[in-house]
Amino acid sequence: MNIIVIDDEKAPLLTFAGHLLDNASVTANLFTTQVEEALEFAATHDVAAVFLDIVMPKISGIDLAEKFIAICPDIKIVFITGYAQNIEEIRARIGENLYDFCYKPYDAVRLNSILAGIVNAAGTTVTFRTFSHFDCFIGDRPVDFTRAKSKELLALLVDRRGGTVTMEEAIACLWPEKQVELAKKLYRDAVCRLRLTLQKYHIAHIIDVRRARLALKTRYCACDLWDFLDGREGVKFGGEYLRPYEWSTERENGLCALAASLPTESALSPTDAP
């Protein structure tokens, strides 16, 4: 897991790095005053969190945090500081991206606790069920969606298995009969509500949100569809896929054909057939 650490003083950076020597699950990318390089790294790599010195000579940590959030909307922000801060004021600007505060001088126990929380969140496996109706689980806990369209939008991302879904493609599937401007408004609302739901369950990191396009980060997820397509032993298709979403019909027909072509033990059983 990649994290970024920015501190304009080299000594604290080295101290921070020293605390991570035994943490094989975390790769710390250290920067001092190379702010643009750090932003470029975030734009080209999968970064779970950024640790920012809150007071720096050329730009404040809060201003820089907003730049990182613009690049990686789900990135976790941990502010490095030696002084007490107005947490509510900072949260008003940073929002749900504000993960914690890391105080100097570094306390190994506290730092490892923060890192463990970030690692655990990044390591959470989200399971999707697509055969029959669509559902999303964290362990045995179902995710409750506040709006049907935000749930359907996530189902579309699952169907694409990490492929990019543009705003136009999502509209064509979810709001084909709506006027263009209304459809765009509905799309943006669905994206917003989807992100709020995922944030509520601490799994916002599973989707990559860019301007007018979305993608699912499949490395954090498991899905019956993917297992079936990959030929995983014991996974059967029962004849129904993502009902009642109309855009899923073509995929369902393809799955029926694939199941019928498989050996008897992998194909549709008589009781499963539609």
# chains A, B, ... in the order shown; residues from 1 in each chain; ligands from 1
>>> select_by_dssp(residues="region 15-252 of chain A", states="strand (DSSP E or B)", output="VMD selection string")
chain A and resid 27 to 31 47 to 53 76 to 81 98 to 103 126 to 129 131 135 to 138 141 to 142 165 to 166 207 to 210 213 to 216 221 to 223 241
>>> residues_around(residues="Glu168 (chain A)", least_positions_apart="6", cutoff="9 Å", atoms="only C-alpha atoms", output="ChimeraX atom specification")
/A:184,212-213
>>> write_last_selection(atoms="all heavy atoms", output="mmCIF file, in the first residue's frame")
data_model
loop_
_atom_site.group_PDB
_atom_site.id
_atom_site.type_symbol
_atom_site.label_atom_id
_atom_site.label_comp_id
_atom_site.auth_asym_id
_atom_site.auth_seq_id
_atom_site.Cartn_x
_atom_site.Cartn_y
_atom_site.Cartn_z
ATOM 1 N N LYS A 184 -28.078 14.110 -16.987
ATOM 2 C CA LYS A 184 -26.785 14.455 -16.388
ATOM 3 C C LYS A 184 -26.946 14.797 -14.916
ATOM 4 O O LYS A 184 -26.111 14.416 -14.079
ATOM 5 C CB LYS A 184 -26.149 15.627 -17.143
ATOM 6 C CG LYS A 184 -25.633 15.265 -18.533
ATOM 7 C CD LYS A 184 -24.985 16.475 -19.196
ATOM 8 C CE LYS A 184 -24.426 16.113 -20.569
ATOM 9 N NZ LYS A 184 -23.806 17.281 -21.228
ATOM 10 N N ALA A 212 -16.566 12.837 -15.038
ATOM 11 C CA ALA A 212 -17.492 12.216 -15.973
ATOM 12 C C ALA A 212 -17.164 10.754 -16.287
ATOM 13 O O ALA A 212 -17.560 10.232 -17.326
ATOM 14 C CB ALA A 212 -17.576 13.015 -17.281
ATOM 15 N N ARG A 213 -16.473 10.075 -15.373
ATOM 16 C CA ARG A 213 -16.216 8.644 -15.573
ATOM 17 C C ARG A 213 -15.931 7.980 -14.227
ATOM 18 O O ARG A 213 -15.426 8.609 -13.302
ATOM 19 C CB ARG A 213 -15.070 8.403 -16.547
ATOM 20 C CG ARG A 213 -13.731 8.976 -16.125
ATOM 21 C CD ARG A 213 -12.706 8.828 -17.257
ATOM 22 N NE ARG A 213 -11.421 9.429 -16.927
ATOM 23 C CZ ARG A 213 -10.409 8.794 -16.363
ATOM 24 N NH1 ARG A 213 -10.543 7.510 -16.087
ATOM 25 N NH2 ARG A 213 -9.273 9.405 -16.097
#
>>> atom_distance(atom1="CA of Asp107 (chain A)", atom2="CA of Pro57 (chain A)")
24.6 Å
>>> closest_residue(among="A:Phe128, A:Phe237, A:Phe31, A:Phe51", to="Ile114 (chain A)", atoms="only C-alpha atoms")
A:Phe51
>>> closest_residue(among="A:Arg251, A:Ile206, A:Leu157, A:Ala65", to="Arg219 (chain A)", atoms="only C-alpha atoms")
A:Ile206
>>> residues_around(residues="Thr15 (chain A)", least_positions_apart="4", cutoff="10 Å", atoms="only C-alpha atoms", output="MDAnalysis selection string")
chainID A and resid 10:11 19:20 105:106 108
>>> write_last_selection(atoms="all heavy atoms", output="mmCIF file, in the first residue's frame")
data_model
loop_
_atom_site.group_PDB
_atom_site.id
_atom_site.type_symbol
_atom_site.label_atom_id
_atom_site.label_comp_id
_atom_site.auth_asym_id
_atom_site.auth_seq_id
_atom_site.Cartn_x
_atom_site.Cartn_y
_atom_site.Cartn_z
ATOM 1 N N LYS A 10 13.683 17.551 6.876
ATOM 2 C CA LYS A 10 14.152 16.201 6.564
ATOM 3 C C LYS A 10 14.222 15.304 7.797
ATOM 4 O O LYS A 10 13.935 14.102 7.711
ATOM 5 C CB LYS A 10 15.516 16.265 5.890
ATOM 6 C CG LYS A 10 15.477 16.859 4.494
ATOM 7 C CD LYS A 10 16.844 16.803 3.831
ATOM 8 C CE LYS A 10 16.781 17.368 2.413
ATOM 9 N NZ LYS A 10 18.100 17.312 1.734
ATOM 10 N N ALA A 11 14.592 15.852 8.941
ATOM 11 C CA ALA A 11 14.754 15.032 10.144
ATOM 12 C C ALA A 11 13.457 14.313 10.531
ATOM 13 O O ALA A 11 13.464 13.092 10.776
ATOM 14 C CB ALA A 11 15.273 15.877 11.299
ATOM 15 N N HIS A 19 10.103 4.501 11.645
ATOM 16 C CA HIS A 19 9.020 3.778 12.313
ATOM 17 C C HIS A 19 8.356 2.759 11.391
ATOM 18 O O HIS A 19 7.595 1.906 11.860
ATOM 19 C CB HIS A 19 7.955 4.750 12.831
ATOM 20 C CG HIS A 19 8.383 5.521 14.048
ATOM 21 N ND1 HIS A 19 8.797 4.915 15.215
ATOM 22 C CD2 HIS A 19 8.466 6.858 14.278
ATOM 23 C CE1 HIS A 19 9.102 5.832 16.118
ATOM 24 N NE2 HIS A 19 8.907 7.028 15.565
ATOM 25 N N LEU A 20 8.614 2.858 10.082
ATOM 26 C CA LEU A 20 7.961 1.968 9.122
ATOM 27 C C LEU A 20 8.842 0.813 8.675
ATOM 28 O O LEU A 20 8.433 0.008 7.841
ATOM 29 C CB LEU A 20 7.537 2.763 7.875
ATOM 30 C CG LEU A 20 6.545 3.905 8.089
ATOM 31 C CD1 LEU A 20 6.217 4.560 6.763
ATOM 32 C CD2 LEU A 20 5.273 3.384 8.735
ATOM 33 N N PRO A 105 6.550 15.128 18.664
ATOM 34 C CA PRO A 105 7.391 14.081 18.079
ATOM 35 C C PRO A 105 6.600 12.783 17.913
ATOM 36 O O PRO A 105 5.674 12.518 18.673
ATOM 37 C CB PRO A 105 8.525 13.922 19.092
ATOM 38 C CG PRO A 105 7.916 14.366 20.394
ATOM 39 C CD PRO A 105 6.964 15.458 20.034
ATOM 40 N N TYR A 106 6.959 11.997 16.900
ATOM 41 C CA TYR A 106 6.196 10.808 16.579
ATOM 42 C C TYR A 106 6.211 9.791 17.711
ATOM 43 O O TYR A 106 7.251 9.497 18.295
ATOM 44 C CB TYR A 106 6.755 10.146 15.308
ATOM 45 C CG TYR A 106 6.578 10.983 14.077
ATOM 46 C CD1 TYR A 106 7.680 11.438 13.368
ATOM 47 C CD2 TYR A 106 5.311 11.319 13.623
ATOM 48 C CE1 TYR A 106 7.520 12.204 12.226
ATOM 49 C CE2 TYR A 106 5.138 12.085 12.485
ATOM 50 C CZ TYR A 106 6.242 12.525 11.791
ATOM 51 O OH TYR A 106 6.093 13.285 10.661
ATOM 52 N N ALA A 108 5.529 5.927 18.253
ATOM 53 C CA ALA A 108 5.468 4.728 17.425
ATOM 54 C C ALA A 108 4.132 4.004 17.548
ATOM 55 O O ALA A 108 3.568 3.541 16.548
ATOM 56 C CB ALA A 108 6.620 3.789 17.775
#
>>> atom_distance(atom1="CA of Val158 (chain A)", atom2="CA of Glu40 (chain A)")
28.4 Å
>>> select_by_dssp(residues="region 131-232 of chain A", states="helix (DSSP H, G or I)", output="ChimeraX atom specification")
/A:148-160,167-174,180-200,204-206,218-220,224-229
>>> residues_around(residues="region 162-165 of chain A", least_positions_apart="3", cutoff="7 Å", atoms="only C-alpha atoms", output="PDB file with all heavy atoms, in the first residue's frame")
ATOM      1  N   LEU A 157     -20.967  -0.790 -12.636  1.00  0.00           N
ATOM      2  CA  LEU A 157     -19.514  -0.822 -12.476  1.00  0.00           C
ATOM      3  C   LEU A 157     -19.027  -2.253 -12.226  1.00  0.00           C
ATOM      4  O   LEU A 157     -17.978  -2.655 -12.738  1.00  0.00           O
ATOM      5  CB  LEU A 157     -19.091   0.071 -11.315  1.00  0.00           C
ATOM      6  CG  LEU A 157     -19.402   1.566 -11.433  1.00  0.00           C
ATOM      7  CD1 LEU A 157     -18.921   2.303 -10.199  1.00  0.00           C
ATOM      8  CD2 LEU A 157     -18.766   2.159 -12.684  1.00  0.00           C
ATOM      9  N   GLU A 169     -22.225   6.592 -21.020  1.00  0.00           N
ATOM     10  CA  GLU A 169     -22.571   5.170 -20.974  1.00  0.00           C
ATOM     11  C   GLU A 169     -23.532   4.877 -19.830  1.00  0.00           C
ATOM     12  O   GLU A 169     -24.489   4.104 -19.982  1.00  0.00           O
ATOM     13  CB  GLU A 169     -21.305   4.335 -20.833  1.00  0.00           C
ATOM     14  CG  GLU A 169     -20.433   4.331 -22.072  1.00  0.00           C
ATOM     15  CD  GLU A 169     -19.070   3.724 -21.832  1.00  0.00           C
ATOM     16  OE1 GLU A 169     -18.561   3.785 -20.687  1.00  0.00           O
ATOM     17  OE2 GLU A 169     -18.505   3.165 -22.796  1.00  0.00           O
ATOM     18  N   ALA A 170     -23.279   5.492 -18.677  1.00  0.00           N
ATOM     19  CA  ALA A 170     -24.160   5.279 -17.526  1.00  0.00           C
ATOM     20  C   ALA A 170     -25.563   5.803 -17.815  1.00  0.00           C
ATOM     21  O   ALA A 170     -26.561   5.146 -17.491  1.00  0.00           O
ATOM     22  CB  ALA A 170     -23.576   5.963 -16.295  1.00  0.00           C
ATOM     23  N   ARG A 213     -16.473  10.075 -15.373  1.00  0.00           N
ATOM     24  CA  ARG A 213     -16.216   8.644 -15.573  1.00  0.00           C
ATOM     25  C   ARG A 213     -15.931   7.980 -14.227  1.00  0.00           C
ATOM     26  O   ARG A 213     -15.426   8.609 -13.302  1.00  0.00           O
ATOM     27  CB  ARG A 213     -15.070   8.403 -16.547  1.00  0.00           C
ATOM     28  CG  ARG A 213     -13.731   8.976 -16.125  1.00  0.00           C
ATOM     29  CD  ARG A 213     -12.706   8.828 -17.257  1.00  0.00           C
ATOM     30  NE  ARG A 213     -11.421   9.429 -16.927  1.00  0.00           N
ATOM     31  CZ  ARG A 213     -10.409   8.794 -16.363  1.00  0.00           C
ATOM     32  NH1 ARG A 213     -10.543   7.510 -16.087  1.00  0.00           N
ATOM     33  NH2 ARG A 213      -9.273   9.405 -16.097  1.00  0.00           N
ATOM     34  N   LEU A 214     -16.274   6.709 -14.158  1.00  0.00           N
ATOM     35  CA  LEU A 214     -16.112   5.925 -12.941  1.00  0.00           C
ATOM     36  C   LEU A 214     -15.505   4.566 -13.279  1.00  0.00           C
ATOM     37  O   LEU A 214     -15.634   4.082 -14.399  1.00  0.00           O
ATOM     38  CB  LEU A 214     -17.469   5.686 -12.261  1.00  0.00           C
ATOM     39  CG  LEU A 214     -18.326   6.887 -11.861  1.00  0.00           C
ATOM     40  CD1 LEU A 214     -19.717   6.414 -11.473  1.00  0.00           C
ATOM     41  CD2 LEU A 214     -17.683   7.634 -10.710  1.00  0.00           C
ATOM     42  N   ALA A 215     -14.880   3.956 -12.291  1.00  0.00           N
ATOM     43  CA  ALA A 215     -14.381   2.594 -12.450  1.00  0.00           C
ATOM     44  C   ALA A 215     -14.316   1.940 -11.085  1.00  0.00           C
ATOM     45  O   ALA A 215     -14.108   2.608 -10.069  1.00  0.00           O
ATOM     46  CB  ALA A 215     -13.011   2.577 -13.124  1.00  0.00           C
ATOM     47  N   LEU A 216     -14.491   0.637 -11.070  1.00  0.00           N
ATOM     48  CA  LEU A 216     -14.403  -0.137  -9.839  1.00  0.00           C
ATOM     49  C   LEU A 216     -12.980  -0.656  -9.671  1.00  0.00           C
ATOM     50  O   LEU A 216     -12.382  -1.161 -10.622  1.00  0.00           O
ATOM     51  CB  LEU A 216     -15.383  -1.311  -9.900  1.00  0.00           C
ATOM     52  CG  LEU A 216     -15.531  -2.150  -8.631  1.00  0.00           C
ATOM     53  CD1 LEU A 216     -16.268  -1.361  -7.561  1.00  0.00           C
ATOM     54  CD2 LEU A 216     -16.279  -3.439  -8.947  1.00  0.00           C
ATOM     55  N   LYS A 217     -12.441  -0.532  -8.455  1.00  0.00           N
ATOM     56  CA  LYS A 217     -11.121  -1.084  -8.158  1.00  0.00           C
ATOM     57  C   LYS A 217     -11.317  -2.536  -7.733  1.00  0.00           C
ATOM     58  O   LYS A 217     -11.579  -2.840  -6.569  1.00  0.00           O
ATOM     59  CB  LYS A 217     -10.433  -0.269  -7.064  1.00  0.00           C
ATOM     60  CG  LYS A 217     -10.173   1.189  -7.461  1.00  0.00           C
ATOM     61  CD  LYS A 217      -9.498   1.941  -6.322  1.00  0.00           C
ATOM     62  CE  LYS A 217      -9.260   3.406  -6.682  1.00  0.00           C
ATOM     63  NZ  LYS A 217      -8.643   4.155  -5.563  1.00  0.00           N
ATOM     64  N   THR A 218     -11.201  -3.438  -8.683  1.00  0.00           N
ATOM     65  CA  THR A 218     -11.579  -4.831  -8.462  1.00  0.00           C
ATOM     66  C   THR A 218     -10.682  -5.564  -7.472  1.00  0.00           C
ATOM     67  O   THR A 218     -11.084  -6.599  -6.930  1.00  0.00           O
ATOM     68  CB  THR A 218     -11.577  -5.594  -9.791  1.00  0.00           C
ATOM     69  OG1 THR A 218     -10.282  -5.484 -10.410  1.00  0.00           O
ATOM     70  CG2 THR A 218     -12.617  -5.014 -10.750  1.00  0.00           C
TER      71      THR A 218
END
>>> residues_around(residues="Ala42 (chain A)", least_positions_apart="2", cutoff="10 Å", atoms="only C-alpha atoms", output="list in words")
Asn2, Ile3, Ile4, Glu36, Glu37, Ala38, Leu39, Glu40, Thr44, His45, Asp46, Val47, Ala48, Ala49, Val50, Phe68, Ile69, Ile71, Cys72 and Ile75 of chain A
>>> write_last_selection(atoms="N, CA, C and O atoms", output="CSV table (one decimal), in the first residue's frame")
chain,number,residue,atom,x,y,z
A,2,ASN,N,0.6,2.1,-0.9
A,2,ASN,CA,1.4,3.4,-1.0
A,2,ASN,C,0.8,4.5,-0.1
A,2,ASN,O,-0.4,4.7,-0.1
A,3,ILE,N,1.6,5.2,0.6
A,3,ILE,CA,1.3,6.4,1.3
A,3,ILE,C,2.3,7.5,0.8
A,3,ILE,O,3.4,7.2,0.4
A,4,ILE,N,1.9,8.7,1.0
A,4,ILE,CA,2.8,9.9,0.7
A,4,ILE,C,3.0,10.6,2.0
A,4,ILE,O,2.0,10.8,2.8
A,36,GLU,N,4.8,19.5,-6.2
A,36,GLU,CA,4.3,19.2,-7.5
A,36,GLU,C,4.7,17.7,-7.8
A,36,GLU,O,3.9,17.0,-8.5
A,37,GLU,N,5.8,17.3,-7.4
A,37,GLU,CA,6.2,15.9,-7.6
A,37,GLU,C,5.3,14.9,-6.9
A,37,GLU,O,4.9,13.9,-7.3
A,38,ALA,N,5.0,15.3,-5.6
A,38,ALA,CA,4.1,14.5,-4.8
A,38,ALA,C,2.7,14.5,-5.5
A,38,ALA,O,2.0,13.4,-5.5
A,39,LEU,N,2.2,15.6,-6.0
A,39,LEU,CA,0.9,15.6,-6.6
A,39,LEU,C,0.9,14.7,-7.9
A,39,LEU,O,-0.1,14.0,-8.2
A,40,GLU,N,2.0,14.8,-8.6
A,40,GLU,CA,2.1,14.0,-9.8
A,40,GLU,C,2.2,12.5,-9.5
A,40,GLU,O,1.6,11.6,-10.2
A,44,THR,N,-0.5,9.4,-10.7
A,44,THR,CA,-0.1,8.2,-11.5
A,44,THR,C,0.1,6.9,-10.7
A,44,THR,O,0.5,5.9,-11.3
A,45,HIS,N,-0.2,7.0,-9.4
A,45,HIS,CA,-0.1,5.8,-8.6
A,45,HIS,C,-1.4,5.6,-7.7
A,45,HIS,O,-2.1,6.6,-7.5
A,46,ASP,N,-1.6,4.4,-7.2
A,46,ASP,CA,-2.7,4.2,-6.3
A,46,ASP,C,-2.2,4.5,-4.9
A,46,ASP,O,-1.4,3.7,-4.3
A,47,VAL,N,-2.7,5.6,-4.3
A,47,VAL,CA,-2.2,6.1,-3.0
A,47,VAL,C,-3.4,6.0,-2.0
A,47,VAL,O,-4.4,6.6,-2.3
A,48,ALA,N,-3.2,5.4,-0.9
A,48,ALA,CA,-4.2,5.2,0.1
A,48,ALA,C,-4.4,6.4,1.0
A,48,ALA,O,-5.5,6.8,1.4
A,49,ALA,N,-3.2,7.0,1.3
A,49,ALA,CA,-3.3,8.2,2.3
A,49,ALA,C,-2.1,9.1,2.1
A,49,ALA,O,-1.1,8.7,1.5
A,50,VAL,N,-2.3,10.3,2.5
A,50,VAL,CA,-1.2,11.3,2.5
A,50,VAL,C,-1.0,11.9,3.9
A,50,VAL,O,-2.0,12.3,4.5
A,68,PHE,N,-4.8,17.3,-3.3
A,68,PHE,CA,-4.7,15.8,-3.3
A,68,PHE,C,-6.1,15.2,-3.5
A,68,PHE,O,-6.3,14.3,-4.2
A,69,ILE,N,-7.1,15.8,-2.8
A,69,ILE,CA,-8.5,15.3,-2.9
A,69,ILE,C,-9.0,15.5,-4.3
A,69,ILE,O,-9.8,14.7,-4.8
A,71,ILE,N,-7.4,15.3,-6.9
A,71,ILE,CA,-6.8,14.2,-7.8
A,71,ILE,C,-7.3,12.9,-7.4
A,71,ILE,O,-7.7,12.0,-8.3
A,72,CYS,N,-7.4,12.6,-6.1
A,72,CYS,CA,-7.8,11.3,-5.6
A,72,CYS,C,-9.0,11.5,-4.6
A,72,CYS,O,-8.7,11.7,-3.4
A,75,ILE,N,-8.9,9.7,-1.1
A,75,ILE,CA,-7.7,9.6,-0.4
A,75,ILE,C,-7.9,10.1,1.1
A,75,ILE,O,-8.6,10.9,1.4
